[in-house]
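Input: a single structure, listed below in structure tokens.
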Amino acid sequence: MSAAQLIGDWHALFVLFVAGVIPNQIWRMLGLWFGGGIDEGSELLVWVRAVATAILAGVIAQIVVEPPGALASVPDVLRYGAVCAGLVVFLLTRRSIFAGVVAGEVFMLAGKWWLG
Amino acid sequence: MAFPPLDSPQWQSPWHAFAWGLRAITQTILTLVLFATYLGIGALAHDTHFSLAWALASTLFVWAGPAQIILITTLGSGATVIQSAIAVTVSAIRLFPMVVSVLPLMRTPTTKRRELFFAAHLTAVTLWVECHRFLPQVPRGRRIAFVNGLGFGLVSVCLTANTIGYFLAANLTQTLGAAILLLTPLSFLFSTARNSREVADVVALALGVLLYPLAAKMNSGLDILVSGLVAGTIAYGVHWWREVRA
């Protein structure tokens, strides 16, 4: 891997700031400036939090349904199965993130090995 | 790890408080979850053809796992800058109430706004959770230094994880590369589920996952925004209906 590959081009870094850093950071800075009078439990914030959670859920689904890179080499049934197996273990272990992640990974790797 | 008592001379120097914050990262399972998540983000950046410097800059300047993953997956699947920016900014709105609720924990009557700048930048779900846990054990005058140390430690862990994930994705066999990429959806699904205390959060998470494939069929380029708005609004409706009935 060359130095140029590791640094990439300036255009991509510019896109990072315009599409990533500024739209993200603006909310922290608003929180810093107007921190005082907002009620954390207000109805608007409940809705905002629900939409933000659902967007994140969509991204999780996108990675599993339309997998990038090496993950695309894993058959559909193993990717969906890994998420379901992880979820079952997560719920059985009283919501242990660690146990859920390990179970999902083991399911996927064992399935890959089994299918050859 | 036990912190020194609140009146201990150990807390007199801000640098000591910073060091205690740094050491606090060893006291939480969330550090391990962050490590796994950022390992996955490094691998994801590699497989969607971003540079390592780009991945590290996104961790340093965005410092919000969901926003980074949204940014990488949307840009990687051909969305425009505007579409990505909208998806990122909607995911980031949750940082506003977090900053609003966490900064009063460290403010003193003489604290200037600029002294809280780094604490505000470092605020994300992990830091927010840990502040509520650790800060009562830290004297108020030293809390900003403590939080800066805690955040500095967490950012360092994540930059290291990004780098390792990036090189692993470049050099591992396809199966192990896939295993690292799978860390991201798994760790996010379970950490979000764990943080879901209210029914609205659970409904938003479950519906958001289920509605995405339907929204993707419309192929509008705004799939994630559409499924997120619909699922989130239905979840809010469920919350509202329960409130009304109660």
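By order of appearance in the structure tokens: chains A, B, ..., then residues from 1 within every chain, and ligands from 1 in the order shown.
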
**Request:** Compile the residues of chain B that lie within 6 Å of chain A, evaluated using only C-alpha atoms, and express the compilation as a PyMOL selection string.
**Result:** chain B and resi 47+51-53+62+81+84-85+89+91-96+99-100+174+177-178+185-186+190+201+204-205+208-209+212+224+228-229+231-232+236

**Request:** Could you check which of B:Ile72, B:Met218, B:Leu189, B:Ala43 is closest to Gly165 in chain B, using only C-alpha atoms?
**Result:**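 Closest to Gly165 in chain B, using only C-alpha atoms: B:Ala43.
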
Each residue of range 9-105 of chain B lying at most 7 Å from range 138-154 of chain B should get a row with its shortest atom-to-atom pair and the distance in Å to one decimal, counting only C-alpha atoms; could you produce that, ordered by chain and increasing number, as a Markdown table?
| residue | atom | partner | partner_atom | distance |
| --- | --- | --- | --- | --- |
| B:Trp11 | CA | B:Arg142 | CA | 7.0 |
| B:Pro14 | CA | B:Ala145 | CA | 5.7 |
| B:Ala17 | CA | B:Phe146 | CA | 4.9 |
| B:Phe18 | CA | B:Gly149 | CA | 4.3 |
| B:Ala19 | CA | B:Gly149 | CA | 6.1 |
| B:Trp20 | CA | B:Phe146 | CA | 6.5 |
| B:Gly21 | CA | B:Leu150 | CA | 4.2 |
| B:Leu22 | CA | B:Gly149 | CA | 4.6 |
| B:Ala24 | CA | B:Leu150 | CA | 6.4 |
| B:Ile25 | CA | B:Leu150 | CA | 6.3 |
| B:Thr31 | CA | B:Leu154 | CA | 7.0 |

Could you save those same residues with N, CA and C atoms as a PDB file, in the first residue's frame?
ATOM      1  N   TRP B  11      -6.462  15.365  43.593  1.00  0.00           N
ATOM      2  CA  TRP B  11      -7.300  16.068  42.625  1.00  0.00           C
ATOM      3  C   TRP B  11      -6.860  17.515  42.431  1.00  0.00           C
ATOM      4  N   PRO B  14      -4.927  19.671  37.708  1.00  0.00           N
ATOM      5  CA  PRO B  14      -5.782  19.247  36.585  1.00  0.00           C
ATOM      6  C   PRO B  14      -5.152  18.095  35.798  1.00  0.00           C
ATOM      7  N   ALA B  17      -6.119  14.928  37.303  1.00  0.00           N
ATOM      8  CA  ALA B  17      -7.516  14.616  36.976  1.00  0.00           C
ATOM      9  C   ALA B  17      -7.605  14.064  35.555  1.00  0.00           C
ATOM     10  N   PHE B  18      -6.830  14.668  34.627  1.00  0.00           N
ATOM     11  CA  PHE B  18      -6.774  14.190  33.244  1.00  0.00           C
ATOM     12  C   PHE B  18      -6.309  12.727  33.225  1.00  0.00           C
ATOM     13  N   ALA B  19      -5.257  12.435  34.021  1.00  0.00           N
ATOM     14  CA  ALA B  19      -4.710  11.069  34.062  1.00  0.00           C
ATOM     15  C   ALA B  19      -5.731  10.081  34.633  1.00  0.00           C
ATOM     16  N   TRP B  20      -6.504  10.520  35.651  1.00  0.00           N
ATOM     17  CA  TRP B  20      -7.552   9.637  36.192  1.00  0.00           C
ATOM     18  C   TRP B  20      -8.625   9.372  35.145  1.00  0.00           C
ATOM     19  N   GLY B  21      -8.944  10.389  34.342  1.00  0.00           N
ATOM     20  CA  GLY B  21      -9.920  10.215  33.260  1.00  0.00           C
ATOM     21  C   GLY B  21      -9.412   9.201  32.246  1.00  0.00           C
ATOM     22  N   LEU B  22      -8.120   9.336  31.913  1.00  0.00           N
ATOM     23  CA  LEU B  22      -7.488   8.420  30.966  1.00  0.00           C
ATOM     24  C   LEU B  22      -7.547   6.984  31.490  1.00  0.00           C
ATOM     25  N   ALA B  24      -9.683   5.777  33.480  1.00  0.00           N
ATOM     26  CA  ALA B  24     -11.062   5.302  33.615  1.00  0.00           C
ATOM     27  C   ALA B  24     -11.514   4.480  32.406  1.00  0.00           C
ATOM     28  N   ILE B  25     -10.828   4.635  31.248  1.00  0.00           N
ATOM     29  CA  ILE B  25     -11.259   3.856  30.071  1.00  0.00           C
ATOM     30  C   ILE B  25     -11.085   2.359  30.293  1.00  0.00           C
ATOM     31  N   THR B  31     -15.518   0.399  26.344  1.00  0.00           N
ATOM     32  CA  THR B  31     -14.260   0.602  25.616  1.00  0.00           C
ATOM     33  C   THR B  31     -14.045  -0.537  24.622  1.00  0.00           C
TER      34      THR B  31
END

**Request:** Please report, as a ChimeraX atom specification, each residue of chain A to which DSSP assigns helix (DSSP H, G or I) when run on this structure's backbone.
**Result:** /A:3-7,10-33,43-65,69-73,76-92,97-115

So that I have them on file, write out the residues from the current selection with C-alpha atoms, as a short mmCIF file (atom, residue, chain, number, x, y, z; two decimals), in the first residue's frame.
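again.cif, freshly written:
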data_model
loop_
_atom_site.label_atom_id
_atom_site.label_comp_id
_atom_site.auth_asym_id
_atom_site.auth_seq_id
_atom_site.Cartn_x
_atom_site.Cartn_y
_atom_site.Cartn_z
CA ALA A 3 1.57 6.62 0.87
CA ALA A 4 -0.77 8.12 -1.73
CA GLN A 5 -3.31 5.35 -1.10
CA LEU A 6 -3.15 5.91 2.66
CA ILE A 7 -3.67 9.66 2.40
CA TRP A 10 -8.11 16.16 -1.13
CA HIS A 11 -11.50 16.03 -2.75
CA ALA A 12 -12.51 13.07 -0.53
CA LEU A 13 -11.32 14.93 2.58
CA PHE A 14 -13.31 17.99 1.47
CA VAL A 15 -16.42 15.81 1.11
CA LEU A 16 -15.74 14.42 4.60
CA PHE A 17 -15.97 17.93 6.06
CA VAL A 18 -18.99 19.07 4.06
CA ALA A 19 -21.06 15.86 4.32
CA GLY A 20 -19.75 14.54 7.65
CA VAL A 21 -18.00 16.91 10.04
CA ILE A 22 -20.15 20.06 9.68
CA PRO A 23 -23.63 18.38 9.64
CA ASN A 24 -22.59 16.35 12.70
CA GLN A 25 -20.75 19.01 14.70
CA ILE A 26 -23.39 21.69 14.33
CA TRP A 27 -25.63 19.94 16.91
CA ARG A 28 -22.91 19.75 19.54
CA MET A 29 -22.09 23.42 19.09
CA LEU A 30 -25.79 24.35 19.31
CA GLY A 31 -25.92 22.34 22.54
CA LEU A 32 -22.90 24.25 23.85
CA TRP A 33 -24.42 27.65 22.96
CA GLU A 43 -42.01 15.75 22.82
CA LEU A 44 -39.99 17.14 19.91
CA LEU A 45 -36.84 15.49 21.21
CA VAL A 46 -38.65 12.17 21.70
CA TRP A 47 -39.61 12.26 18.00
CA VAL A 48 -36.11 13.34 16.93
CA ARG A 49 -34.56 10.53 18.92
CA ALA A 50 -36.95 7.98 17.40
CA VAL A 51 -36.13 9.14 13.85
CA ALA A 52 -32.39 9.12 14.60
CA THR A 53 -32.65 5.58 16.01
CA ALA A 54 -34.61 4.41 12.96
CA ILE A 55 -32.05 5.93 10.58
CA LEU A 56 -29.28 4.08 12.40
CA ALA A 57 -31.39 0.90 12.19
CA GLY A 58 -31.68 1.45 8.44
CA VAL A 59 -27.91 1.70 8.15
CA ILE A 60 -27.50 -1.54 10.12
CA ALA A 61 -29.97 -3.21 7.74
CA GLN A 62 -28.22 -1.75 4.69
CA ILE A 63 -24.86 -3.26 5.67
CA VAL A 64 -26.47 -6.69 6.11
CA VAL A 65 -28.83 -6.56 3.10
CA GLY A 69 -16.60 -5.57 0.17
CA ALA A 70 -15.64 -8.88 1.71
CA LEU A 71 -19.00 -9.25 3.47
CA ALA A 72 -20.63 -9.74 0.05
CA SER A 73 -18.84 -13.12 -0.15
CA ASP A 76 -27.55 -14.13 2.49
CA VAL A 77 -28.75 -16.87 4.81
CA LEU A 78 -25.56 -16.71 6.88
CA ARG A 79 -25.64 -12.92 7.23
CA TYR A 80 -29.30 -12.87 8.31
CA GLY A 81 -28.74 -15.97 10.46
CA ALA A 82 -25.77 -14.33 12.20
CA VAL A 83 -27.86 -11.28 13.14
CA CYS A 84 -30.72 -13.50 14.40
CA ALA A 85 -28.38 -15.80 16.38
CA GLY A 86 -26.66 -12.78 17.91
CA LEU A 87 -30.03 -11.25 18.81
CA VAL A 88 -31.24 -14.42 20.52
CA VAL A 89 -28.05 -14.70 22.60
CA PHE A 90 -28.17 -10.96 23.37
CA LEU A 91 -31.71 -11.35 24.76
CA LEU A 92 -30.92 -14.60 26.62
CA ILE A 97 -23.55 -6.67 23.87
CA PHE A 98 -20.38 -8.75 24.01
CA ALA A 99 -22.17 -12.13 24.04
CA GLY A 100 -24.45 -11.05 21.16
CA VAL A 101 -21.56 -9.91 18.96
CA VAL A 102 -19.52 -13.08 19.66
CA ALA A 103 -22.53 -15.33 18.93
CA GLY A 104 -23.23 -13.58 15.61
CA GLU A 105 -19.60 -13.84 14.54
CA VAL A 106 -19.35 -17.51 15.56
CA PHE A 107 -22.54 -18.33 13.63
CA MET A 108 -21.23 -16.67 10.47
CA LEU A 109 -17.75 -18.24 10.69
CA ALA A 110 -19.11 -21.72 11.53
CA GLY A 111 -21.58 -21.49 8.64
CA LYS A 112 -18.83 -20.44 6.22
CA TRP A 113 -16.71 -23.36 7.39
CA TRP A 114 -19.65 -25.79 7.18
CA LEU A 115 -20.57 -24.71 3.65
#

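When the distance limit is 7 Å and only C-alpha atoms are what count, the residues near Ile70 in chain B, minus those fewer than 3 positions from it on the same chain, are A:Val59, B:Pro66, B:Ala67, B:Thr73, B:Thr74, B:Val88.
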